[in-house]
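Undergrad: One structure, pasted below without further comment.
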Number of protein chains: 2
Amino acid sequence: MNTFYQKLALIWKKHNSLLCVGLDSDFDHLPPAVKKQKFPQYVFNKAIIDATHDLVCAYKPNSAFYEAGGDKGIVELKMTCDYLRKKYPDIVIILDAKRADIGSTNNGYVTYAYDYLGADAVTLHPYLGREALQPFLDRKEKGSIILCRTSNPGAGEFQDTLYQKVAKHVAKDWNTNSNCSLVVGATYPAQLAIVRRIVKNMPLLIPGIGAQGGDIAKTVHAGVDRHGAGAIINASRSIIFSSGSLDFAEKAREEAQKLKKQINTYR
Amino acid sequence: MNTFYQKLALIWKKHNSLLCVGLDSDFDHLPPAVKKQKFPQYVFNKAIIDATHDLVCAYKPNSAFYEAGGDKGIVELKMTCDYLRKKYPDIVIILDAKRADIGSTNNGYVTYAYDYLGADAVTLHPYLGREALQPFLDRKEKGSIILCRTSNPGAGEFQDTLYQKVAKHVAKDWNTNSNCSLVVGATYPAQLAIVRRIVKNMPLLIPGIGAQGGDIAKTVHAGVDRHGAGAIINASRSIIFSSGSLDFAEKAREEAQKLKKQINTYR
């Protein structure tokens with residue numbers, strides 16, 4: 001089985017795309033006809049996936065939007081991941097769950113993300129340090145994507161002090177299994193460029209284009225590695241909710257196609 | 001309805017206890033006879049709760065141990081919280097989920113923790129800053145318990161730089177709704193004393209006694225407020241797994257009683 005890095009390298013090339021579509025499929029924002037389905041989030045995701053699969057390197061469901069539905073939401077998240085693995089096994093599944101607990105407790109999250117859902121990678125908070133995250137890092141074939149510089153307006157409150165240190169520690173000490181990545185928001189292109197210099201060719205997950213307003217040209221210039229790859233550039237709402245009607249999948253494809261093209265223009 | 005602070009004040013007094021029992025009910029560690037039940041984690045928790053309810057101020061289920069079971073585990077966590085709210089409504093329920101995402105995405109976690117599970121408080125990572133956590137802070141009646149100095153051996157990697165800043169920011173800027181609390185590990189009594197000075201009477205959640213080896217006398221001296229309260233002192237495995245046989249609830253009561261007494265000796 002391919003590792004997280006290997007899967008990324010293959011799909012970047014195969015689909016000629018750095019685009020990741022965020023499956024932030026908030027029930028409240030689904031088209032009315034989809035809401036009436038038995039498994040509305042899954043039905044919505046399946047349609048988005050079938051319409052965009054050849055344009056992306058990864059899908060990134062955010063666990064929060066499924067946990068909001070309790071155990072039923074978790075089932076729909078699992079159905080989504082199962083469908084992806086079965087139908088499009090080359091595409092990387094990133095569980096955006098922003099987890100991190102102390103040592104052995106993380107085994108529960110490891111089981112949830114990798115064994116139950118079958119994701120290829122999971123996003124993680126750095127605050128507890130490497131020692132705490134060892135159960136994630138030990139899963140050599142899976143990706144540990146550590147929050148470094150997040151895309152939100154208030155990210156600087158603690159990260160100004162810390163994001164370069166996080167990047168340095170992850171690049172130097174955490175990545176012994178070649179399975180680490182960092183989250184750096186497209187809304188901070190200057191910081192993105194600094195992180196890219198620190199981590200060299202490490203893959204970066206870059207959210208914040210689309211609805212959050214990150215500039216695509218600046219993001220690509222600052223974010224890609226020296227081969228013009230190395231980046232997973234995520235858009236969520238601007239793609240999946242570009243239409244509120246039954247043409248949502250078709251419109252999502254148009255948006256994804258546009259964004260993939262724009263990204264490739266600047267590589 | 002009482003707020004998080006009000007509920008804490010009432011139960012500290014009513015049960016004369018600062019003890020919190022962590023429901024880290026890892027399926028693999030349940031007694032063999034319990035494992036065979038249809039809802040093993042719930043059956044186990046119910047027995048532990050019924051045996052210890054008069055000795056504690058709070059229960060703290062850690063979401064990781066239930067997520068490991070996928071949707072079925074989530075159901076057992078919900079059954080546990082529902083039972084607690086119905087049978088022992090005075091006792092505080094802390095969902096130890098260590099969440100934190102950007103702005104509106106947190107609404108999903110807010111719904112999961114407060115509306116689906118009905119917890120009184122949830123633990124949160126500080127890394128994304130106050131602006132990101134606003135959806136939690138806005139739930140005035142619920143507690144936002146921010147990780148400050150965690151109990152794990154490697155906590156210092158980033159927290160040495162940051163834990164005092166987190167304590168100061170939360171005390172000064174985040175707590176406008178009087179619903180914040182901080183996590184400070186019993187394994188770092190010197191840092192616990194520093195945080196207590198910074199946050200004055202703010203309630204602190206203190207894990208790390210019991211299996212993790214934190215010293216009870218030092219923890220209580222450093223952790224309580226000037227009224228000898230203000231602390232939620234958590235033990236998990238040392239109580240719930242003190243016996244691996246069918247007398248687990250009885251043994252848990254003995255351990256909880258001993259610990260409650262020891263804590264009260266030093267208040």
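Chain labels run A, B, ... following the order of the structure tokens; each chain numbers its residues from 1, and ligands are numbered from 1 in the order shown.
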Could the residues of chain B within 8 Å of chain A, counting only C-alpha atoms, be given as JSON, numbers by chain, please?

TA: {"B": [64, 65, 66, 67, 68, 69, 70, 71, 72, 74, 75, 98, 99, 100, 101, 102, 103, 105, 106, 107, 108, 109, 110, 111, 112, 116, 125, 126, 127, 128, 129, 130, 131, 132, 150, 151, 152, 153, 154, 155, 156, 157, 158, 159, 162, 166]}

Undergrad: Those same residues - N, CA and C atoms - I'd like them written as a CSV table (one decimal), in the first residue's frame.

TA:
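Result went into again.csv, see below:
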```
chain,number,residue,atom,x,y,z
B,64,ALA,N,-12.4,10.5,22.8
B,64,ALA,CA,-11.5,9.6,22.0
B,64,ALA,C,-11.9,8.1,22.2
B,65,PHE,N,-12.2,7.8,23.5
B,65,PHE,CA,-12.4,6.4,23.8
B,65,PHE,C,-13.8,5.9,23.2
B,66,TYR,N,-14.6,6.8,22.9
B,66,TYR,CA,-15.9,6.4,22.3
B,66,TYR,C,-15.9,6.5,20.7
B,67,GLU,N,-15.2,7.6,20.2
B,67,GLU,CA,-15.0,7.7,18.8
B,67,GLU,C,-14.3,6.5,18.2
B,68,ALA,N,-13.4,5.8,19.0
B,68,ALA,CA,-12.7,4.6,18.6
B,68,ALA,C,-13.7,3.6,18.2
B,69,GLY,N,-14.9,3.6,18.7
B,69,GLY,CA,-16.0,2.7,18.3
B,69,GLY,C,-16.9,3.1,17.2
B,70,GLY,N,-16.5,4.3,16.6
B,70,GLY,CA,-17.3,4.8,15.5
B,70,GLY,C,-18.7,5.3,16.0
B,71,ASP,N,-19.7,5.2,15.1
B,71,ASP,CA,-21.0,5.7,15.5
B,71,ASP,C,-21.6,4.9,16.7
B,72,LYS,N,-21.2,3.7,16.8
B,72,LYS,CA,-21.7,2.9,18.0
B,72,LYS,C,-21.1,3.4,19.3
B,74,ILE,N,-20.2,6.5,19.8
B,74,ILE,CA,-20.9,7.8,20.0
B,74,ILE,C,-22.2,7.6,20.7
B,75,VAL,N,-22.9,6.6,20.3
B,75,VAL,CA,-24.2,6.3,20.9
B,75,VAL,C,-24.0,6.0,22.4
B,98,LYS,N,-11.1,18.1,23.5
B,98,LYS,CA,-9.9,18.9,23.0
B,98,LYS,C,-10.1,19.3,21.6
B,99,ARG,N,-11.2,20.0,21.3
B,99,ARG,CA,-11.5,20.5,20.0
B,99,ARG,C,-11.0,21.9,19.8
B,100,ALA,N,-11.2,22.4,18.6
B,100,ALA,CA,-10.9,23.8,18.2
B,100,ALA,C,-10.7,23.9,16.7
B,101,ASP,N,-11.6,24.5,16.0
B,101,ASP,CA,-11.5,24.8,14.6
B,101,ASP,C,-11.7,26.3,14.4
B,102,ILE,N,-11.7,26.7,13.1
B,102,ILE,CA,-11.9,28.1,12.9
B,102,ILE,C,-13.4,28.4,13.0
B,103,GLY,N,-13.7,29.7,13.4
B,103,GLY,CA,-15.0,30.3,13.6
B,103,GLY,C,-16.2,29.4,13.4
B,105,THR,N,-17.0,26.8,11.8
B,105,THR,CA,-16.9,25.4,11.8
B,105,THR,C,-17.1,24.8,13.3
B,106,ASN,N,-16.7,25.7,14.2
B,106,ASN,CA,-16.9,25.3,15.6
B,106,ASN,C,-18.3,25.0,16.0
B,107,ASN,N,-19.2,25.6,15.2
B,107,ASN,CA,-20.7,25.4,15.5
B,107,ASN,C,-21.0,23.9,15.5
B,108,GLY,N,-20.3,23.2,14.6
B,108,GLY,CA,-20.6,21.7,14.6
B,108,GLY,C,-20.2,21.1,15.9
B,109,TYR,N,-19.1,21.5,16.4
B,109,TYR,CA,-18.6,20.9,17.7
B,109,TYR,C,-19.5,21.4,18.9
B,110,VAL,N,-19.9,22.7,18.8
B,110,VAL,CA,-20.8,23.2,19.8
B,110,VAL,C,-22.1,22.4,19.9
B,111,THR,N,-22.6,22.1,18.7
B,111,THR,CA,-23.8,21.3,18.6
B,111,THR,C,-23.6,19.9,19.2
B,112,TYR,N,-22.5,19.3,18.8
B,112,TYR,CA,-22.1,17.9,19.3
B,112,TYR,C,-22.0,17.9,20.8
B,116,TYR,N,-26.3,17.8,21.3
B,116,TYR,CA,-26.5,16.4,21.2
B,116,TYR,C,-26.2,15.6,22.5
B,125,HIS,N,-8.5,23.4,22.6
B,125,HIS,CA,-7.1,23.8,22.3
B,125,HIS,C,-7.1,25.4,22.1
B,126,PRO,N,-6.0,26.1,22.6
B,126,PRO,CA,-6.0,27.5,22.4
B,126,PRO,C,-5.3,28.0,21.2
B,127,TYR,N,-4.7,27.1,20.4
B,127,TYR,CA,-3.8,27.5,19.3
B,127,TYR,C,-4.4,28.5,18.3
B,128,LEU,N,-5.7,28.4,18.0
B,128,LEU,CA,-6.3,29.2,17.0
B,128,LEU,C,-6.7,30.6,17.5
B,129,GLY,N,-6.6,30.8,18.8
B,129,GLY,CA,-6.9,32.1,19.4
B,129,GLY,C,-8.4,32.3,19.7
B,130,ARG,N,-8.7,33.4,20.4
B,130,ARG,CA,-10.0,33.7,20.9
B,130,ARG,C,-11.0,33.8,19.8
B,131,GLU,N,-10.6,34.6,18.8
B,131,GLU,CA,-11.5,34.8,17.7
B,131,GLU,C,-12.1,33.6,17.1
B,132,ALA,N,-11.3,32.5,17.0
B,132,ALA,CA,-11.8,31.2,16.4
B,132,ALA,C,-12.8,30.6,17.4
B,150,THR,N,-0.6,21.1,29.8
B,150,THR,CA,-1.1,19.8,29.9
B,150,THR,C,-0.2,18.9,30.7
B,151,SER,N,-0.7,17.7,31.1
B,151,SER,CA,-0.1,16.8,32.1
B,151,SER,C,1.0,15.9,31.5
B,152,ASN,N,1.1,15.9,30.2
B,152,ASN,CA,2.0,14.9,29.5
B,152,ASN,C,3.5,15.3,29.7
B,153,PRO,N,4.4,14.3,29.6
B,153,PRO,CA,5.8,14.6,29.8
B,153,PRO,C,6.4,15.6,28.8
B,154,GLY,N,5.9,15.5,27.6
B,154,GLY,CA,6.5,16.4,26.6
B,154,GLY,C,5.7,17.7,26.4
B,155,ALA,N,4.9,18.1,27.4
B,155,ALA,CA,4.1,19.3,27.3
B,155,ALA,C,4.9,20.6,27.1
B,156,GLY,N,6.1,20.6,27.6
B,156,GLY,CA,6.9,21.8,27.5
B,156,GLY,C,7.4,22.2,26.1
B,157,GLU,N,7.3,21.3,25.2
B,157,GLU,CA,7.9,21.6,23.8
B,157,GLU,C,7.4,23.0,23.3
B,158,PHE,N,6.1,23.2,23.3
B,158,PHE,CA,5.6,24.5,22.9
B,158,PHE,C,5.1,25.3,24.1
B,159,GLN,N,4.6,24.6,25.1
B,159,GLN,CA,3.9,25.3,26.2
B,159,GLN,C,4.8,26.1,27.1
B,162,LEU,N,4.4,29.4,26.1
B,162,LEU,CA,3.1,29.9,25.9
B,162,LEU,C,2.1,29.8,27.1
B,166,VAL,N,-1.3,32.1,27.6
B,166,VAL,CA,-2.6,31.6,27.5
B,166,VAL,C,-3.4,31.9,28.7
```

Undergrad: How would you write, as a short mmCIF file (atom, residue, chain, number, x, y, z; two decimals) with all heavy atoms, in the first residue's frame, the set of residues in segment 15-60 of chain A that DSSP gives as alpha helix (DSSP H)?

TA:
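Ended up saving to out-v4.cif:
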```cif
data_model
loop_
_atom_site.label_atom_id
_atom_site.label_comp_id
_atom_site.auth_asym_id
_atom_site.auth_seq_id
_atom_site.Cartn_x
_atom_site.Cartn_y
_atom_site.Cartn_z
N PRO A 32 -32.64 21.98 -0.44
CA PRO A 32 -33.84 21.43 0.22
C PRO A 32 -34.16 20.00 -0.20
O PRO A 32 -34.49 19.17 0.66
CB PRO A 32 -34.95 22.40 -0.22
CG PRO A 32 -34.23 23.69 -0.48
CD PRO A 32 -32.88 23.33 -0.99
N ALA A 33 -34.02 19.69 -1.49
CA ALA A 33 -34.36 18.33 -1.95
C ALA A 33 -33.41 17.29 -1.38
O ALA A 33 -33.80 16.15 -1.11
CB ALA A 33 -34.34 18.27 -3.48
N VAL A 34 -32.15 17.69 -1.17
CA VAL A 34 -31.16 16.77 -0.60
C VAL A 34 -31.43 16.55 0.89
O VAL A 34 -31.29 15.43 1.40
CB VAL A 34 -29.73 17.30 -0.82
CG1 VAL A 34 -28.71 16.40 -0.14
CG2 VAL A 34 -29.43 17.43 -2.31
N LYS A 35 -31.85 17.61 1.55
CA LYS A 35 -32.15 17.51 3.00
C LYS A 35 -33.18 16.43 3.31
O LYS A 35 -33.18 15.88 4.40
CB LYS A 35 -32.67 18.85 3.51
CG LYS A 35 -31.60 19.87 3.86
CD LYS A 35 -32.25 21.09 4.49
CE LYS A 35 -31.22 22.14 4.83
NZ LYS A 35 -31.84 23.41 5.23
N PRO A 40 -28.65 12.59 3.94
CA PRO A 40 -28.47 13.80 3.12
C PRO A 40 -27.02 14.22 2.91
O PRO A 40 -26.63 14.57 1.79
CB PRO A 40 -29.24 14.87 3.90
CG PRO A 40 -29.45 14.31 5.27
CD PRO A 40 -29.48 12.84 5.12
N GLN A 41 -26.21 14.15 3.95
CA GLN A 41 -24.81 14.57 3.80
C GLN A 41 -24.06 13.63 2.87
O GLN A 41 -23.27 14.05 2.03
CB GLN A 41 -24.12 14.65 5.17
CG GLN A 41 -24.64 15.82 6.02
CD GLN A 41 -24.04 15.82 7.40
OE1 GLN A 41 -24.20 14.85 8.15
NE2 GLN A 41 -23.35 16.88 7.78
N TYR A 42 -24.35 12.34 2.99
CA TYR A 42 -23.70 11.37 2.11
C TYR A 42 -24.15 11.55 0.67
O TYR A 42 -23.32 11.55 -0.26
CB TYR A 42 -23.99 9.94 2.60
CG TYR A 42 -23.61 8.90 1.58
CD1 TYR A 42 -22.27 8.69 1.25
CD2 TYR A 42 -24.58 8.14 0.92
CE1 TYR A 42 -21.91 7.75 0.29
CE2 TYR A 42 -24.23 7.21 -0.03
CZ TYR A 42 -22.89 7.01 -0.34
OH TYR A 42 -22.54 6.09 -1.29
N VAL A 43 -25.45 11.71 0.46
CA VAL A 43 -25.99 11.88 -0.89
C VAL A 43 -25.36 13.12 -1.55
O VAL A 43 -24.95 13.10 -2.71
CB VAL A 43 -27.53 12.01 -0.84
CG1 VAL A 43 -28.09 12.55 -2.15
CG2 VAL A 43 -28.16 10.65 -0.51
N PHE A 44 -25.27 14.19 -0.76
CA PHE A 44 -24.65 15.43 -1.26
C PHE A 44 -23.18 15.19 -1.61
O PHE A 44 -22.72 15.52 -2.71
CB PHE A 44 -24.79 16.50 -0.18
CG PHE A 44 -24.20 17.83 -0.55
CD1 PHE A 44 -24.91 18.72 -1.35
CD2 PHE A 44 -22.94 18.21 -0.08
CE1 PHE A 44 -24.37 19.96 -1.69
CE2 PHE A 44 -22.41 19.44 -0.42
CZ PHE A 44 -23.12 20.32 -1.22
N ASN A 45 -22.44 14.58 -0.68
CA ASN A 45 -21.01 14.33 -0.91
C ASN A 45 -20.76 13.45 -2.13
O ASN A 45 -19.86 13.73 -2.93
CB ASN A 45 -20.38 13.67 0.32
CG ASN A 45 -20.26 14.61 1.49
OD1 ASN A 45 -20.35 15.83 1.32
ND2 ASN A 45 -20.06 14.07 2.68
N LYS A 46 -21.57 12.41 -2.27
CA LYS A 46 -21.41 11.48 -3.39
C LYS A 46 -21.56 12.22 -4.72
O LYS A 46 -20.77 12.04 -5.64
CB LYS A 46 -22.43 10.35 -3.26
CG LYS A 46 -22.31 9.26 -4.29
CD LYS A 46 -23.30 8.14 -4.00
CE LYS A 46 -23.30 7.10 -5.11
NZ LYS A 46 -23.67 7.63 -6.44
N ALA A 47 -22.56 13.09 -4.78
CA ALA A 47 -22.78 13.86 -6.01
C ALA A 47 -21.61 14.82 -6.28
O ALA A 47 -21.15 14.95 -7.43
CB ALA A 47 -24.09 14.63 -5.90
N ILE A 48 -21.12 15.49 -5.23
CA ILE A 48 -19.97 16.39 -5.38
C ILE A 48 -18.74 15.60 -5.84
O ILE A 48 -18.02 16.01 -6.76
CB ILE A 48 -19.65 17.11 -4.04
CG1 ILE A 48 -20.79 18.05 -3.62
CG2 ILE A 48 -18.31 17.83 -4.10
CD1 ILE A 48 -20.84 19.37 -4.32
N ILE A 49 -18.52 14.46 -5.21
CA ILE A 49 -17.35 13.65 -5.53
C ILE A 49 -17.42 13.14 -6.98
O ILE A 49 -16.44 13.26 -7.74
CB ILE A 49 -17.22 12.46 -4.54
CG1 ILE A 49 -16.85 12.97 -3.15
CG2 ILE A 49 -16.21 11.43 -5.03
CD1 ILE A 49 -17.09 11.97 -2.02
N ASP A 50 -18.57 12.59 -7.36
CA ASP A 50 -18.70 12.06 -8.73
C ASP A 50 -18.51 13.17 -9.77
O ASP A 50 -18.03 12.92 -10.88
CB ASP A 50 -20.08 11.40 -8.92
CG ASP A 50 -20.16 10.04 -8.22
OD1 ASP A 50 -19.09 9.44 -7.97
OD2 ASP A 50 -21.28 9.60 -7.90
N ALA A 51 -18.86 14.40 -9.41
CA ALA A 51 -18.76 15.51 -10.36
C ALA A 51 -17.37 16.13 -10.42
O ALA A 51 -17.04 16.85 -11.37
CB ALA A 51 -19.78 16.59 -9.99
N THR A 52 -16.52 15.87 -9.43
CA THR A 52 -15.25 16.60 -9.35
C THR A 52 -14.01 15.71 -9.25
O THR A 52 -12.88 16.22 -9.25
CB THR A 52 -15.24 17.54 -8.12
OG1 THR A 52 -15.44 16.76 -6.93
CG2 THR A 52 -16.31 18.62 -8.22
#
```

Undergrad: Need the shell around Gly213 of chain B: protein/DNA/RNA residues with any atom at most 9 Å away, counting only C-alpha atoms. Skip same-chain ones fewer than 3 positions apart. Format as a PyMOL selection string?

TA: chain B and resi 186-187+208-210+216

Undergrad: What separation in Å, quoted to one decimal, exists between atom CA of Val92 of chain A and atom CA of Ile206 of chain A?

TA: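 Computing the Euclidean distance for atom CA of Val92 of chain A and atom CA of Ile206 of chain A yields 14.7 Å.
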
Undergrad: Taking only C-alpha atoms into account, name the residue in B:Leu137, B:Leu95, B:Cys57, B:Met79 that is nearest to Val122 of chain B.

TA: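 Nearest candidate to Val122 of chain B out of B:Leu137, B:Leu95, B:Cys57, B:Met79: B:Leu95.
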
Undergrad: Can you list, as a ChimeraX atom specification, every protein, DNA or RNA residue that comes within 8 Å of Ala235 of chain B when you count only C-alpha atoms, leaving out same-chain residues fewer than 3 positions away?

TA: /B:19-22,207-211,238-239

Undergrad: Between atom CA of Ala58 of chain A and atom CA of Cys180 of chain A, what distance in Å does the model show, to one decimal?

TA: 16.0 Å

Undergrad: Tell me which protein, DNA and RNA residues are within 7 Å of segment 7-12 of chain B, counting only C-alpha atoms, leaving out same-chain ones fewer than 3 positions away, and put them as number ranges by chain.

TA: B: 2-4, 15-18, 57, 90-92

Undergrad: Kindly indicate which residue among A:Arg197, A:Lys38, A:His227, A:Lys258 lies nearest to Lys13 of chain A, using only C-alpha atoms for the distances.

TA: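 Among the listed residues, A:His227 lies closest to Lys13 of chain A.
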
Undergrad: Taking the backbone alone, and naming residues the way the document does, which bits of segment 9-250 of chain A are strand (DSSP E) by DSSP, as number ranges by chain?

TA: A: 19-23, 58-61, 92-99, 121-124, 143-149, 180-184, 204-206, 231-235

Undergrad: If you count only C-alpha atoms, which residues fall within 8 Å of Phe241 of chain A, apart from same-chain ones fewer than 5 positions away, as a PyMOL selection string?

TA: chain A and resi 29-30+248+252

Undergrad: Would you save the residues from that selection as a PDB file, in the first residue's frame, using N, CA, C and O atoms?

TA:
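Result file again_10.pdb:
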```
ATOM      1  N   HIS A  29     -26.972  23.874   5.111  1.00  0.00           N
ATOM      2  CA  HIS A  29     -26.726  24.505   3.819  1.00  0.00           C
ATOM      3  C   HIS A  29     -26.984  23.591   2.618  1.00  0.00           C
ATOM      4  O   HIS A  29     -26.716  23.971   1.477  1.00  0.00           O
ATOM      5  N   LEU A  30     -27.480  22.407   2.859  1.00  0.00           N
ATOM      6  CA  LEU A  30     -27.748  21.507   1.726  1.00  0.00           C
ATOM      7  C   LEU A  30     -29.006  21.959   0.977  1.00  0.00           C
ATOM      8  O   LEU A  30     -29.899  22.558   1.572  1.00  0.00           O
ATOM      9  N   PHE A 248     -26.287  21.704  -7.996  1.00  0.00           N
ATOM     10  CA  PHE A 248     -25.110  21.961  -7.138  1.00  0.00           C
ATOM     11  C   PHE A 248     -23.864  21.201  -7.586  1.00  0.00           C
ATOM     12  O   PHE A 248     -22.749  21.736  -7.510  1.00  0.00           O
ATOM     13  N   ALA A 252     -20.516  22.869  -8.871  1.00  0.00           N
ATOM     14  CA  ALA A 252     -19.294  22.556  -8.123  1.00  0.00           C
ATOM     15  C   ALA A 252     -18.181  22.163  -9.090  1.00  0.00           C
ATOM     16  O   ALA A 252     -17.024  22.565  -8.930  1.00  0.00           O
TER      17      ALA A 252
END
```
